[in-house]
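What's in coords27.pdb: PDB, C-alpha atoms
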```pdb
ATOM      1  CA  MET A  83     104.062  48.229  95.876
ATOM      2  CA  GLU A  84     102.184  50.206  98.510
ATOM      3  CA  GLN A  85     105.121  49.829 100.922
ATOM      4  CA  LYS A  86     107.503  51.094  98.215
ATOM      5  CA  ASN A  87     105.317  54.160  97.598
ATOM      6  CA  SER A  88     105.173  54.805 101.337
ATOM      7  CA  LYS A  89     108.988  54.710 101.567
ATOM      8  CA  SER A  90     109.246  57.022  98.572
ATOM      9  CA  ARG A  91     106.869  59.538 100.169
ATOM     10  CA  PHE A  92     108.767  59.398 103.470
ATOM     11  CA  LEU A  93     112.058  60.043 101.634
ATOM     12  CA  TRP A  94     110.667  63.127  99.873
ATOM     13  CA  TYR A  95     109.207  64.424 103.155
ATOM     14  CA  ALA A  96     112.545  63.927 104.944
ATOM     15  CA  ILE A  97     114.528  65.694 102.202
ATOM     16  CA  ALA A  98     112.059  68.602 102.117
ATOM     17  CA  ILE A  99     112.217  69.025 105.912
ATOM     18  CA  GLY A 100     116.028  68.870 105.791
ATOM     19  CA  VAL A 101     116.144  71.550 103.074
ATOM     20  CA  ILE A 102     113.814  73.804 105.088
ATOM     21  CA  ILE A 103     115.984  73.394 108.209
ATOM     22  CA  VAL A 104     119.126  74.308 106.220
ATOM     23  CA  PHE A 105     117.391  77.415 104.831
ATOM     24  CA  LEU A 106     116.186  78.488 108.298
ATOM     25  CA  LEU A 107     119.712  78.083 109.687
ATOM     26  CA  MET A 108     121.108  80.206 106.842
ATOM     27  CA  LEU A 109     118.439  82.836 107.495
ATOM     28  CA  LEU A 110     119.124  82.782 111.248
ATOM     29  CA  SER A 111     122.858  83.149 110.621
ATOM     30  CA  SER A 112     122.301  86.183 108.362
ATOM     31  CA  VAL A 113     119.866  87.798 110.833
ATOM     32  CA  LEU A 114     122.191  87.323 113.827
ATOM     33  CA  ASN A 115     125.118  88.667 111.814
ATOM     34  CA  VAL A 116     123.252  91.881 110.969
ATOM     35  CA  GLY A 117     121.849  92.096 114.512
ATOM     36  CA  GLU A 118     125.351  91.893 115.977
ATOM     37  CA  LYS A 119     126.443  94.854 113.846
ATOM     38  CA  LEU A 120     123.364  96.856 114.855
ATOM     39  CA  ARG A 121     124.088  96.105 118.531
ATOM     40  CA  ASN A 122     127.213  98.282 118.289
ATOM     41  CA  ILE A 123     124.973 101.200 117.343
ATOM     42  CA  SER A 124     122.015 100.603 119.660
ATOM     43  CA  ARG A 125     120.373  97.713 121.515
ATOM     44  CA  TYR A 126     116.943  99.096 120.621
ATOM     45  CA  LEU A 127     117.903  99.164 116.946
ATOM     46  CA  GLU A 128     118.948  95.500 117.166
ATOM     47  CA  TYR A 129     115.676  94.449 118.825
ATOM     48  CA  SER A 130     113.642  96.488 116.328
ATOM     49  CA  PHE A 131     115.456  94.699 113.520
ATOM     50  CA  TYR A 132     114.590  91.277 114.995
ATOM     51  CA  VAL A 133     110.907  92.274 115.267
ATOM     52  CA  LEU A 134     110.933  93.490 111.658
ATOM     53  CA  VAL A 135     112.536  90.248 110.460
ATOM     54  CA  PHE A 136     109.965  88.179 112.364
ATOM     55  CA  LEU A 137     107.094  90.116 110.775
ATOM     56  CA  LEU A 138     108.621  89.760 107.292
ATOM     57  CA  VAL A 139     109.206  86.020 107.769
ATOM     58  CA  TYR A 140     105.605  85.593 108.890
ATOM     59  CA  ILE A 141     104.131  87.644 106.018
ATOM     60  CA  LEU A 142     106.441  86.471 103.222
ATOM     61  CA  ILE A 143     107.120  82.839 104.209
ATOM     62  CA  LEU A 144     104.965  81.410 107.018
ATOM     63  CA  ARG A 145     101.639  82.824 105.829
ATOM     64  CA  PRO A 146     102.012  81.608 102.214
ATOM     65  CA  VAL A 147     103.086  78.171 103.475
ATOM     66  CA  ASN A 148     100.052  78.057 105.788
ATOM     67  CA  ILE A 149      97.693  78.907 102.890
ATOM     68  CA  ILE A 150      99.275  76.232 100.694
ATOM     69  CA  LEU A 151      99.198  73.482 103.326
ATOM     70  CA  PHE A 152      95.606  74.081 104.417
ATOM     71  CA  SER A 153      94.147  74.194 100.926
ATOM     72  CA  PRO A 154      92.355  70.964  99.931
ATOM     73  CA  SER A 155      94.399  68.380  98.034
ATOM     74  CA  PHE A 156      92.900  67.866  94.616
ATOM     75  CA  SER A 157      93.891  67.243  91.005
ATOM     76  CA  ILE A 158      92.184  67.484  87.645
ATOM     77  CA  GLU A 159      92.924  63.799  87.138
ATOM     78  CA  THR A 160      90.384  63.013  89.880
ATOM     79  CA  THR A 161      87.649  64.016  87.454
ATOM     80  CA  LEU A 162      88.316  60.646  85.836
ATOM     81  CA  ASP A 163      87.930  58.782  89.126
ATOM     82  CA  LYS A 164      84.802  57.024  90.282
ATOM     83  CA  PRO A 165      82.349  59.362  92.037
ATOM     84  CA  SER A 166      82.642  59.491  95.815
ATOM     85  CA  ARG A 167      81.091  61.619  98.540
ATOM     86  CA  LYS A 168      84.528  62.807  99.674
ATOM     87  CA  ASN A 169      85.512  64.002  96.183
ATOM     88  CA  TYR A 170      82.162  65.712  95.746
ATOM     89  CA  LYS A 171      82.764  67.788  98.889
ATOM     90  CA  VAL A 172      86.158  68.838  97.564
ATOM     91  CA  TYR A 173      84.647  69.739  94.176
ATOM     92  CA  LYS A 174      82.100  71.987  95.890
ATOM     93  CA  LYS A 175      84.799  73.641  98.004
ATOM     94  CA  VAL A 176      86.922  74.286  94.909
ATOM     95  CA  SER A 177      83.857  75.600  93.054
ATOM     96  CA  ASN A 178      83.129  78.116  95.809
ATOM     97  CA  ARG A 179      86.759  79.336  95.702
ATOM     98  CA  LEU A 180      86.573  79.807  91.926
ATOM     99  CA  ILE A 181      83.281  81.700  92.108
ATOM    100  CA  GLU A 182      84.764  84.127  94.658
ATOM    101  CA  GLN A 183      87.567  85.156  92.292
ATOM    102  CA  ASP A 184      87.542  87.762  89.542
ATOM    103  CA  ILE A 185      89.413  85.724  86.920
ATOM    104  CA  LEU A 186      86.267  84.077  85.526
ATOM    105  CA  SER A 187      83.402  85.713  83.641
ATOM    106  CA  ASP A 188      79.900  85.811  85.122
ATOM    107  CA  GLU A 189      78.791  83.349  82.460
ATOM    108  CA  VAL A 190      81.408  80.761  83.516
ATOM    109  CA  LYS A 191      80.604  81.299  87.200
ATOM    110  CA  LYS A 192      76.914  80.701  86.474
ATOM    111  CA  GLU A 193      77.838  77.485  84.663
ATOM    112  CA  ILE A 194      79.693  76.292  87.775
ATOM    113  CA  MET A 195      76.813  77.277  90.042
ATOM    114  CA  ASP A 196      74.292  75.408  87.881
ATOM    115  CA  ALA A 197      76.450  72.268  87.931
ATOM    116  CA  LYS A 198      77.001  72.154  91.707
ATOM    117  CA  GLY A 199      73.910  70.018  92.302
ATOM    118  CA  ASN A 200      75.205  67.105  90.217
ATOM    119  CA  GLN A 201      78.632  65.520  90.824
ATOM    120  CA  GLU A 202      79.180  64.155  87.323
ATOM    121  CA  GLU A 203      78.143  67.408  85.706
ATOM    122  CA  LEU A 204      80.324  69.383  88.136
ATOM    123  CA  ASN A 205      83.329  67.168  87.240
ATOM    124  CA  ILE A 206      82.876  67.947  83.548
ATOM    125  CA  VAL A 207      82.404  71.682  84.116
ATOM    126  CA  LEU A 208      85.440  71.948  86.419
ATOM    127  CA  ASN A 209      87.609  70.069  83.925
ATOM    128  CA  LYS A 210      86.549  72.450  81.163
ATOM    129  CA  VAL A 211      86.991  75.591  83.295
ATOM    130  CA  PHE A 212      90.454  74.635  84.492
ATOM    131  CA  ASN A 213      91.784  73.620  81.099
ATOM    132  CA  LYS A 214      90.153  76.424  79.100
ATOM    133  CA  HIS A 215      90.355  79.411  81.471
ATOM    134  CA  ILE A 216      92.445  78.835  84.608
ATOM    135  CA  LYS A 217      95.560  77.539  82.844
ATOM    136  CA  LYS A 218      95.881  80.781  80.849
ATOM    137  CA  GLU A 219      95.639  82.878  84.016
ATOM    138  CA  MET A 220      98.167  80.629  85.745
ATOM    139  CA  ASN A 221     100.652  81.124  82.902
ATOM    140  CA  LYS A 222     100.241  84.904  83.189
ATOM    141  CA  LEU A 223     100.910  84.667  86.923
ATOM    142  CA  ILE A 224     103.998  82.493  86.371
ATOM    143  CA  ARG A 225     105.444  84.979  83.845
ATOM    144  CA  LYS A 226     104.737  87.889  86.204
ATOM    145  CA  ASN A 227     106.665  86.276  89.079
ATOM    146  CA  ALA A 228     109.526  85.248  86.783
ATOM    147  CA  LYS A 229     109.811  88.893  85.683
ATOM    148  CA  THR A 230     109.965  89.973  89.342
ATOM    149  CA  VAL A 231     112.762  87.480  90.020
ATOM    150  CA  MET A 232     114.675  88.559  86.910
ATOM    151  CA  ILE A 233     114.586  92.281  87.761
ATOM    152  CA  SER A 234     115.282  91.762  91.496
ATOM    153  CA  THR A 235     118.251  89.421  91.087
ATOM    154  CA  ALA A 236     119.676  91.400  88.146
ATOM    155  CA  ILE A 237     119.709  94.597  90.227
ATOM    156  CA  SER A 238     120.919  92.921  93.420
ATOM    157  CA  GLN A 239     124.657  92.389  93.756
ATOM    158  CA  ASN A 240     124.384  90.142  96.785
ATOM    159  CA  GLY A 241     124.144  86.354  96.423
ATOM    160  CA  ARG A 242     122.527  85.792  99.811
ATOM    161  CA  LEU A 243     119.896  88.440  99.071
ATOM    162  CA  ASP A 244     119.208  86.697  95.734
ATOM    163  CA  LEU A 245     118.669  83.444  97.640
ATOM    164  CA  TYR A 246     116.025  84.986  99.913
ATOM    165  CA  THR A 247     114.390  86.811  96.993
ATOM    166  CA  VAL A 248     114.012  83.604  94.984
ATOM    167  CA  VAL A 249     112.575  81.709  97.974
ATOM    168  CA  VAL A 250     110.061  84.446  98.822
ATOM    169  CA  VAL A 251     108.913  85.060  95.226
ATOM    170  CA  ASN A 252     108.602  81.354  94.416
ATOM    171  CA  LEU A 253     106.639  80.622  97.603
ATOM    172  CA  LYS A 254     104.392  83.576  96.788
ATOM    173  CA  MET A 255     103.917  82.229  93.252
ATOM    174  CA  ILE A 256     102.987  78.734  94.471
ATOM    175  CA  LYS A 257     100.583  80.265  97.014
ATOM    176  CA  GLU A 258      98.926  82.375  94.296
ATOM    177  CA  LEU A 259      98.637  79.384  91.948
ATOM    178  CA  VAL A 260      97.099  77.291  94.735
ATOM    179  CA  TYR A 261      94.708  80.098  95.691
ATOM    180  CA  MET A 262      93.723  80.618  92.056
ATOM    181  CA  CYS A 263      92.860  76.932  91.652
ATOM    182  CA  GLY A 264      91.350  76.467  95.071
ATOM    183  CA  PHE A 265      93.422  73.338  95.772
ATOM    184  CA  ARG A 266      97.029  72.197  96.188
ATOM    185  CA  PRO A 267      99.158  69.287  94.949
ATOM    186  CA  ASN A 268      99.430  66.240  97.205
ATOM    187  CA  MET A 269     102.026  66.261  99.998
ATOM    188  CA  LYS A 270     104.574  64.223  98.038
ATOM    189  CA  ASN A 271     104.511  66.697  95.151
ATOM    190  CA  LEU A 272     104.570  69.613  97.604
ATOM    191  CA  SER A 273     107.751  68.131  99.080
ATOM    192  CA  LYS A 274     109.266  67.957  95.595
ATOM    193  CA  LEU A 275     108.276  71.576  94.966
ATOM    194  CA  THR A 276     109.867  72.626  98.264
ATOM    195  CA  ILE A 277     113.134  70.972  97.243
ATOM    196  CA  ASN A 278     112.898  72.633  93.806
ATOM    197  CA  VAL A 279     112.387  76.080  95.335
ATOM    198  CA  PHE A 280     115.329  75.893  97.717
ATOM    199  CA  THR A 281     117.610  74.255  95.135
ATOM    200  CA  THR A 282     116.803  77.105  92.758
ATOM    201  CA  ALA A 283     117.556  79.608  95.535
ATOM    202  CA  LEU A 284     120.972  78.047  96.143
ATOM    203  CA  ILE A 285     121.693  78.227  92.411
ATOM    204  CA  ALA A 286     120.703  81.911  92.493
ATOM    205  CA  GLU A 287     123.209  82.516  95.287
ATOM    206  CA  GLY A 288     125.938  80.699  93.329
ATOM    207  CA  LEU A 289     125.291  82.734  90.168
ATOM    208  CA  GLU A 290     126.606  85.831  91.947
ATOM    209  CA  ASN A 291     130.162  84.504  91.479
ATOM    210  CA  MET A 292     129.605  83.698  87.821
ATOM    211  CA  ASP A 293     132.367  84.786  85.445
ATOM    212  CA  LEU A 294     131.447  85.924  81.937
ATOM    213  CA  SER A 295     134.637  84.341  80.581
ATOM    214  CA  ASP A 296     133.128  80.941  81.416
ATOM    215  CA  LEU A 297     130.074  81.687  79.271
ATOM    216  CA  LEU A 298     131.241  83.828  76.363
ATOM    217  CA  PRO A 299     134.052  83.245  73.844
ATOM    218  CA  ASN A 300     137.162  85.452  74.040
ATOM    219  CA  SER A 301     136.321  87.191  70.746
ATOM    220  CA  THR A 302     132.988  88.381  72.177
ATOM    221  CA  LEU A 303     134.598  89.491  75.449
ATOM    222  CA  ASN A 304     137.238  91.476  73.567
ATOM    223  CA  ALA A 305     134.561  93.123  71.417
ATOM    224  CA  ILE A 306     132.560  94.354  74.415
ATOM    225  CA  SER A 307     135.515  95.208  76.678
ATOM    226  CA  ASP A 308     135.776  98.763  75.279
ATOM    227  CA  ILE A 309     132.130  99.575  76.077
ATOM    228  CA  PRO A 310     131.815 101.141  79.551
ATOM    229  CA  LEU A 311     129.732  99.318  82.177
ATOM    230  CA  ILE A 312     128.775  96.549  79.729
ATOM    231  CA  LYS A 313     130.503  93.682  81.571
ATOM    232  CA  PRO A 314     128.812  94.177  84.972
ATOM    233  CA  VAL A 315     125.488  94.903  83.248
ATOM    234  CA  MET A 316     125.711  91.732  81.129
ATOM    235  CA  SER A 317     126.723  89.644  84.136
ATOM    236  CA  SER A 318     123.755  90.918  86.178
ATOM    237  CA  LEU A 319     121.407  90.447  83.226
ATOM    238  CA  ILE A 320     122.508  86.838  82.696
ATOM    239  CA  GLN A 321     121.983  86.152  86.418
ATOM    240  CA  GLY A 322     118.493  87.606  86.244
ATOM    241  CA  ILE A 323     117.595  85.644  83.107
ATOM    242  CA  SER A 324     118.897  82.384  84.616
ATOM    243  CA  ASN A 325     116.836  82.889  87.774
ATOM    244  CA  ALA A 326     113.772  83.812  85.709
ATOM    245  CA  LEU A 327     114.101  80.568  83.733
ATOM    246  CA  LEU A 328     114.310  78.524  86.945
ATOM    247  CA  THR A 329     111.280  80.359  88.367
ATOM    248  CA  LEU A 330     109.303  79.679  85.182
ATOM    249  CA  ARG A 331     110.189  76.003  85.508
ATOM    250  CA  ILE A 332     108.980  75.841  89.135
ATOM    251  CA  GLY A 333     105.725  77.578  88.223
ATOM    252  CA  ILE A 334     105.097  75.221  85.304
ATOM    253  CA  VAL A 335     105.933  72.145  87.408
ATOM    254  CA  THR A 336     103.445  73.389  90.035
ATOM    255  CA  ARG A 337     100.791  73.796  87.350
ATOM    256  CA  LYS A 338     101.523  70.341  85.948
ATOM    257  CA  TYR A 339     101.217  68.777  89.414
ATOM    258  CA  LEU A 340      97.829  70.466  89.727
ATOM    259  CA  PHE A 341      96.765  69.538  86.201
ATOM    260  CA  SER A 342      98.190  66.033  85.963
ATOM    261  CA  ASP A 343      96.418  63.818  83.469
ATOM    262  CA  ALA A 344      96.792  60.485  81.716
ATOM    263  CA  LYS A 345      98.939  61.998  78.957
ATOM    264  CA  GLU A 346     101.660  63.222  81.278
ATOM    265  CA  ILE A 347     102.129  61.203  84.417
ATOM    266  CA  THR A 348     105.865  60.378  84.634
ATOM    267  CA  LYS A 349     108.237  62.717  86.438
ATOM    268  CA  GLU A 350     110.641  62.629  83.474
ATOM    269  CA  GLU A 351     107.940  63.941  81.127
ATOM    270  CA  ILE A 352     106.948  66.615  83.640
ATOM    271  CA  ARG A 353     110.563  67.815  84.028
ATOM    272  CA  ARG A 354     111.324  67.792  80.320
ATOM    273  CA  GLY A 355     108.016  69.414  79.380
ATOM    274  CA  ALA A 356     108.413  72.093  82.080
ATOM    275  CA  LEU A 357     111.900  73.068  80.913
ATOM    276  CA  LEU A 358     110.845  73.289  77.249
ATOM    277  CA  GLU A 359     107.763  75.339  78.118
ATOM    278  CA  ALA A 360     109.812  77.604  80.402
ATOM    279  CA  ALA A 361     112.299  78.225  77.574
ATOM    280  CA  GLY A 362     109.363  79.147  75.327
ATOM    281  CA  MET A 363     108.022  81.656  77.892
ATOM    282  CA  LEU A 364     111.428  83.208  78.631
ATOM    283  CA  PRO A 365     111.649  85.642  75.649
ATOM    284  CA  SER A 366     108.369  87.355  76.597
ATOM    285  CA  VAL A 367     109.515  87.617  80.237
ATOM    286  CA  ILE A 368     112.820  89.197  79.158
ATOM    287  CA  ALA A 369     110.996  91.644  76.865
ATOM    288  CA  ASP A 370     108.628  92.698  79.680
ATOM    289  CA  ALA A 371     111.507  93.086  82.148
ATOM    290  CA  VAL A 372     113.655  95.120  79.749
ATOM    291  CA  SER A 373     110.707  97.414  78.964
ATOM    292  CA  MET A 374     110.564  98.322  82.657
ATOM    293  CA  LEU A 375     114.176  99.551  82.724
ATOM    294  CA  PRO A 376     114.596 103.341  82.619
ATOM    295  CA  LYS A 377     114.896 104.739  79.087
ATOM    296  CA  LYS A 378     117.928 106.783  80.114
ATOM    297  CA  PHE A 379     119.705 103.573  81.137
ATOM    298  CA  LEU A 380     118.862 101.864  77.844
ATOM    299  CA  GLY A 381     120.019 104.927  75.889
ATOM    300  CA  LEU A 382     123.322 105.200  77.736
ATOM    301  CA  PHE A 383     125.353 103.276  75.213
ATOM    302  CA  LYS A 384     123.670 104.893  72.167
ATOM    303  CA  LYS A 385     124.552 108.338  73.477
ATOM    304  CA  LYS A 386     128.115 107.241  74.001
ATOM    305  CA  GLU A 387     128.375 106.000  70.413
ATOM    306  CA  LYS A 388     126.929 109.265  69.031
ATOM    307  CA  LYS A 389     129.464 111.322  70.972
ATOM    308  CA  GLU A 390     132.316 109.202  69.654
ATOM    309  CA  GLU A 391     131.041 109.595  66.058
ATOM    310  CA  ALA A 392     130.810 113.363  66.537
TER     311      ALA A 392
END
```

What is this file in structure tokens?
Amino acid sequence: MEQKNSKSRFLWYAIAIGVIIVFLLMLLSSVLNVGEKLRNISRYLEYSFYVLVFLLVYILILRPVNIILFSPSFSIETTLDKPSRKNYKVYKKVSNRLIEQDILSDEVKKEIMDAKGNQEELNIVLNKVFNKHIKKEMNKLIRKNAKTVMISTAISQNGRLDLYTVVVVNLKMIKELVYMCGFRPNMKNLSKLTINVFTTALIAEGLENMDLSDLLPNSTLNAISDIPLIKPVMSSLIQGISNALLTLRIGIVTRKYLFSDAKEITKEEIRRGALLEAAGMLPSVIADAVSMLPKKFLGLFKKKEKKEEA
């Protein structure tokens, strides 16, 4: 059994590394392509572009990955484990991270501080804090990043740019969730998350070529064909909503890996539960995103209708 688990972990690690290599090659190809065009204008402009890309890759990708990897591995399910000196050290480290943040009230922070001297008491307090307070903040953070993905990919008309946007925002979201908790999922689950992120990014790139005729019935297409700009706007909006749903799912899966418990331990239950919960969060994300669009843009079609009636 142990050998089987070891093989399974190795397989997930290998797939995750392979996916990362493919992404880096795609990124390198895009960078060299732009650099070659800039070379025709100026060598200095080309070199400046490479420096800028390096800085962006470090800030937006390498730094978040570094924070995630070097956070302690921990899970709420370990509060059910037998006490050990190693776990106690991790609990204290996580407690210090939580106390440093602004998401908890002074009363809750004091409760954590008072419990730090006793491992069993600290286990109980941490379990309560994570399930009662942290989960709510994590859900807010997940919705916020999904909204960012929706707006960015809806506005963008470039599939490759959508791919990079989804990767960067999702890595940022995982980093923020890990930082908020003070710990990360184990390496096997991190590998699964890595594969999820880059698979979602590839889907985002593919959505750029999506045809509305494949999604909507002919009667609906005929009804909206007379309205100016509606087809490209609807296509972009559907792309943004699809990417937001996938981002919600990744965020929820991350949270479930961090908050695994006896009630939900199989990967099938995690996947199914994450998709259902993501679908439940999606309407509020869409409402928030639409509210950020300029009022003039939203009133474009109403003005058109009024003119026609006049």

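Take the candidates A:Phe212, A:Trp94, A:Phe136, A:Tyr129 and check each one against Leu109 of chain A using all atoms listed in the file; the shortest distance goes to A:Phe136.
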
Provide the atom CA of Asn221 of chain A to atom CA of Ala98 of chain A distance in Å, to one decimal place.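 Computed distance, atom CA of Asn221 of chain A to atom CA of Ala98 of chain A, equals 25.6 Å.
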
Between atom CA of Arg225 of chain A and atom CA of Val367 of chain A, what is the distance, to one decimal in Å?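 Answer for the atom CA of Arg225 of chain A to atom CA of Val367 of chain A separation: 6.0 Å.
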
Give me the residues within 6 Å of segment 265-281 of chain A as a PyMOL selection string, counting all atoms listed in the file and dropping any in the same chain fewer than 2 places off. chain A and resi 91+94-95+98+153-156+260+263+283-284+339-340

Decode the PyMOL selection byres ((chain A and resi 356-366) around 12) for the given file into explicit residues and return them as a PyMOL selection string. chain A and resi 221-229+232+322-339+346+349-355+367-373

Just how far from atom CA of Phe105 of chain A is atom CA of Val231 of chain A, in Å to one decimal? 18.5 Å

Report the centre and edge lengths, in Å to one decimal, of an axis-aligned box enclosing every atom of segment 192-204 of chain A listed in the file, padded by 6 Å on each side, as JSON.
```
{"center_x": 77.1, "center_y": 72.4, "center_z": 88.5, "size_x": 18.4, "size_y": 28.5, "size_z": 19.6}
```

Let me make sure I understand: among A:Leu142, A:Gly117, A:Ile216, A:Ser187, which one has the smallest atom-to-atom distance to Ser130 of chain A if we use all atoms listed in the file?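 Closest to Ser130 of chain A of all the choices is A:Gly117.
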
So, with only C-alpha atoms as the atoms that count, which of A:Glu202, A:Glu182, A:Glu128, A:Glu193 lies closest to Gly264 of chain A?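 When distances to Gly264 of chain A are compared using only C-alpha atoms, the smallest one comes from A:Glu182.
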
So, counting only C-alpha atoms, which residue among A:Ser90, A:Thr282, A:Ser112, A:Ser318 is closest to Arg242 of chain A?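 Closest to Arg242 of chain A, using only C-alpha atoms: A:Ser112.
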
Chain and number of each residue from the PyMOL selection byres ((chain A and resi 253) around 9), as an MDAnalysis selection string: chainID A and resid 142:143 146:147 248:252 254:258 276 279

At a cut-off of 6 Å, using only C-alpha atoms, what residues contact Asp244 of chain A? Leave out same-chain residues fewer than 2 positions from it and give the result as a PyMOL selection string. chain A and resi 235+241-242+246-247+286-287
